[in-house]
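K.L.:
Have a look at this one before I ask anything.
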Amino acid sequence: MIVNPIINKSGAVRRQGVAMGKFLSSLLIAIAIARPASAEVIVRTELFRYNLNTTTETFFVLGGSPGTAGTALIQATASTTVTAVSGSPFTSVSVGDMLIISNSDGVEYEKSVIAKASGASITVSLPAVTLTSASFRWRKLASGTADTNGGFPVGTFSGYTVQVSVDQLSLASGGIDIRLQCRTSPKASWAPAYPATTPPTAQVPFNVTAVGSYTMPTVAIYDSCRVGLKLSGADDATDTGTLAEYISIYTIGKR
């Protein structure tokens, strides 16, 4: 705020002070416009703690956030089994969907649906949770092997990376094959983005055999990308609890 000194009571002095105030205000606005704004970093979940068990390359993507609201409250007692307080709120929920749960104490949890017993009972990803009259939303998982499957938008980012997080891994042999494909428009063909390759050489996925986060940088401008996942070996006989595979995909972008 600019305070004008009281030199006398003439209107001239006051008009000069107002004019100077307007000038400085305009200058501050010009500086603010010229100064580059800080980039907003956005982390978007494309796949969440999915129990991968296919040896056929498959492309996965979750439906948009914030998702679909559940129709009834849910509960759990130090368990991965979540049940309805009443009704059947999981009727439209499927294995692989992501749940965003808001407990009655205000704590929020993110879970993946590992198994579904009925419209009133599901098994979610570890760790176990206690829920009391909790509400939830869910994001529907879509997957497939065709060109139309697995794409997620990246065109609005000024820069971004795609990260695959392997949170649990228990296989009898081999590892997980991962590759990133991107395209410049919805009608363009998918191009190898990572690992990079020079046509006509075919893109070879990179293979991971250990828990960790694997970042795939991109250097070109694309409209959308997708991640192909498959087991390169054999899964173990028991594929539940700590012996399940938990795979997540995140897009980390700047706007």
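Going by the structure tokens order, chains are called A, B, ..., each with residues numbered from 1, while ligands are numbered from 1 in the order shown.
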Please identify which residues in stretch 128-222 of chain A DSSP calls strand (DSSP E) from the backbone, and express them as an MDAnalysis selection string.
P.N.:
chainID A and resid 129:139 141:144 152:153 159:168 176:183 191:194 206:208 212:217
K.L.:
If you count only C-alpha atoms, which residues fall within 9 Å of A:Met216, apart from same-chain ones fewer than 4 positions away, as a PyMOL selection string?
P.N.:
chain A and resi 161-164+179-180+193-195
K.L.:
Put those residues in a file: C-alpha atoms, as a compact mmCIF listing (two decimals), in the first residue's frame.
P.N.:
```txt
# COMPACT_ATOMS: atom_id res chain seq x y z
CA THR A 161 8.23 -38.76 -17.11
CA VAL A 162 6.44 -42.07 -16.73
CA GLN A 163 7.31 -44.17 -13.70
CA VAL A 164 6.64 -47.87 -13.10
CA ARG A 179 8.11 -50.78 -22.44
CA LEU A 180 6.74 -47.29 -23.08
CA ALA A 193 9.56 -44.10 -26.54
CA TYR A 194 11.50 -46.14 -23.97
CA PRO A 195 13.65 -48.11 -24.41
```
K.L.:
Could you give me, as a VMD selection string, the residues within 10 Å of A:Val129, counting only C-alpha atoms and dropping anything in the same chain fewer than 4 positions from it?
P.N.:
chain A and resid 75 to 82 109 111 124 to 125
K.L.:
Pick out the closest residue to A:Val43 from this set: A:Phe157, A:Phe60, A:Tyr246, A:Phe90. Count only C-alpha atoms.
P.N.:
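Ranked by minimum distance to A:Val43, first place goes to A:Phe157.
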K.L.:
In Å to one decimal, how far is atom CA of A:Gly155 from atom CA of A:Tyr222?
P.N.:
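Going from atom CA of A:Tyr222 over to atom CA of A:Gly155, I get 5.8 Å.
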K.L.:
Taking 3 positions as the minimum chain separation for residues in the same chain, which residues sit within 10 Å of stretch 61-71 of chain A when counting only C-alpha atoms? Answer as a PDB file with C-alpha atoms, in the first residue's frame.
P.N.:
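Written out: result.pdb:
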```
ATOM      1  CA  ARG A  44      -1.328 -38.931 -11.963  1.00  0.00           C
ATOM      2  CA  THR A  45      -1.972 -42.606 -11.197  1.00  0.00           C
ATOM      3  CA  GLU A  46      -2.487 -44.700 -14.338  1.00  0.00           C
ATOM      4  CA  LEU A  47      -2.356 -48.133 -12.635  1.00  0.00           C
ATOM      5  CA  PHE A  48      -2.356 -48.894  -8.910  1.00  0.00           C
ATOM      6  CA  ILE A  74     -17.988 -49.782   3.994  1.00  0.00           C
ATOM      7  CA  ALA A  84     -20.475 -53.219   3.096  1.00  0.00           C
ATOM      8  CA  SER A  86     -25.373 -52.363   4.167  1.00  0.00           C
ATOM      9  CA  GLY A  87     -26.369 -53.129   0.608  1.00  0.00           C
ATOM     10  CA  SER A  88     -24.020 -54.100  -2.248  1.00  0.00           C
ATOM     11  CA  PRO A  89     -21.804 -51.100  -3.069  1.00  0.00           C
ATOM     12  CA  PHE A  90     -19.224 -53.272  -4.887  1.00  0.00           C
ATOM     13  CA  THR A  91     -21.605 -54.581  -7.555  1.00  0.00           C
ATOM     14  CA  SER A  92     -19.910 -52.587 -10.333  1.00  0.00           C
ATOM     15  CA  VAL A  93     -16.399 -52.815  -8.842  1.00  0.00           C
ATOM     16  CA  GLY A  96      -7.857 -54.205 -10.566  1.00  0.00           C
ATOM     17  CA  ASP A  97     -10.016 -51.160  -9.887  1.00  0.00           C
ATOM     18  CA  MET A  98      -8.587 -48.493  -7.594  1.00  0.00           C
ATOM     19  CA  LEU A  99     -10.466 -47.467  -4.456  1.00  0.00           C
ATOM     20  CA  ILE A 100     -10.059 -44.069  -2.790  1.00  0.00           C
ATOM     21  CA  ILE A 101     -11.469 -44.550   0.713  1.00  0.00           C
ATOM     22  CA  SER A 135     -17.188 -43.742   2.097  1.00  0.00           C
ATOM     23  CA  PHE A 136     -15.344 -44.495  -1.126  1.00  0.00           C
ATOM     24  CA  ARG A 137     -14.869 -43.732  -4.787  1.00  0.00           C
ATOM     25  CA  TRP A 138     -13.444 -46.047  -7.402  1.00  0.00           C
ATOM     26  CA  ARG A 139     -11.610 -45.746 -10.700  1.00  0.00           C
ATOM     27  CA  LYS A 140     -12.376 -48.442 -13.234  1.00  0.00           C
ATOM     28  CA  LEU A 141      -9.436 -50.339 -14.778  1.00  0.00           C
ATOM     29  CA  ALA A 142      -9.401 -50.929 -18.531  1.00  0.00           C
ATOM     30  CA  SER A 143      -6.904 -53.249 -20.205  1.00  0.00           C
ATOM     31  CA  GLY A 144      -6.189 -55.059 -23.441  1.00  0.00           C
ATOM     32  CA  ASN A 149      -5.932 -50.027 -25.167  1.00  0.00           C
ATOM     33  CA  GLY A 150      -3.974 -48.393 -22.375  1.00  0.00           C
ATOM     34  CA  GLY A 151      -3.495 -44.840 -23.668  1.00  0.00           C
ATOM     35  CA  PHE A 152      -3.291 -41.919 -21.247  1.00  0.00           C
ATOM     36  CA  ARG A 226       0.929 -46.236 -22.781  1.00  0.00           C
ATOM     37  CA  VAL A 227       2.938 -48.872 -20.912  1.00  0.00           C
ATOM     38  CA  ILE A 249       2.211 -46.671 -13.145  1.00  0.00           C
TER      39      ILE A 249
END
```
K.L.:
Counting only C-alpha atoms, what is within 8 Å of A:Asn51, bar same-chain residues fewer than 2 positions away, as a tab-separated table (two decimals) with N, CA and C atoms, in the first residue's frame?
P.N.:
```tsv
chain	number	residue	atom	x	y	z
A	49	ARG	N	-1.12	-50.71	-7.90
A	49	ARG	CA	-0.87	-51.95	-7.16
A	49	ARG	C	-1.60	-53.14	-7.80
A	53	ASN	N	-0.18	-61.03	-13.71
A	53	ASN	CA	0.05	-62.48	-13.82
A	53	ASN	C	-0.08	-63.00	-15.25
A	96	GLY	N	-8.74	-55.16	-9.89
A	96	GLY	CA	-7.86	-54.21	-10.57
A	96	GLY	C	-8.29	-52.77	-10.45
A	114	ILE	N	-8.08	-56.68	-5.12
A	114	ILE	CA	-7.33	-57.90	-5.43
A	114	ILE	C	-8.25	-59.06	-5.76
A	244	ALA	N	1.90	-61.76	-3.98
A	244	ALA	CA	1.31	-61.18	-5.19
A	244	ALA	C	2.26	-60.14	-5.78
A	245	GLU	N	2.08	-59.82	-7.05
A	245	GLU	CA	2.85	-58.76	-7.68
A	245	GLU	C	2.04	-57.47	-7.59
A	246	TYR	N	2.66	-56.40	-7.12
A	246	TYR	CA	2.00	-55.10	-7.04
A	246	TYR	C	2.72	-54.15	-7.99
A	247	ILE	N	2.05	-53.78	-9.08
A	247	ILE	CA	2.64	-52.91	-10.09
A	247	ILE	C	1.80	-51.65	-10.21
```
K.L.:
May I ask for the distance between atom CA of A:Thr130 and atom CA of A:Ala115, given in Å to one decimal place?
P.N.:
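Going from atom CA of A:Thr130 over to atom CA of A:Ala115 covers 17.9 Å.
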K.L.:
Give me the residues within 7 Å of A:Asp236 as a PyMOL selection string, counting only C-alpha atoms and dropping any in the same chain fewer than 5 places off.
P.N.:
chain A and resi 170-172
K.L.:
Could those residues be written to a file, using C-alpha atoms, as a JSON list (two decimals), in the first residue's frame?
P.N.:
```json
[["chain", "number", "residue", "atom", "x", "y", "z"],
["A", 170, "SER", "CA", 7.32, -62.87, -6.21],
["A", 171, "LEU", "CA", 7.92, -65.04, -9.30],
["A", 172, "ALA", "CA", 9.05, -68.61, -9.90]]
```
K.L.:
Which is closer to A:Gly228 than all the others in A:Thr83, A:Gln181, A:Ser38, A:Asn103, using only C-alpha atoms?
P.N.:
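Of all the options, A:Gln181 lies closest to A:Gly228.
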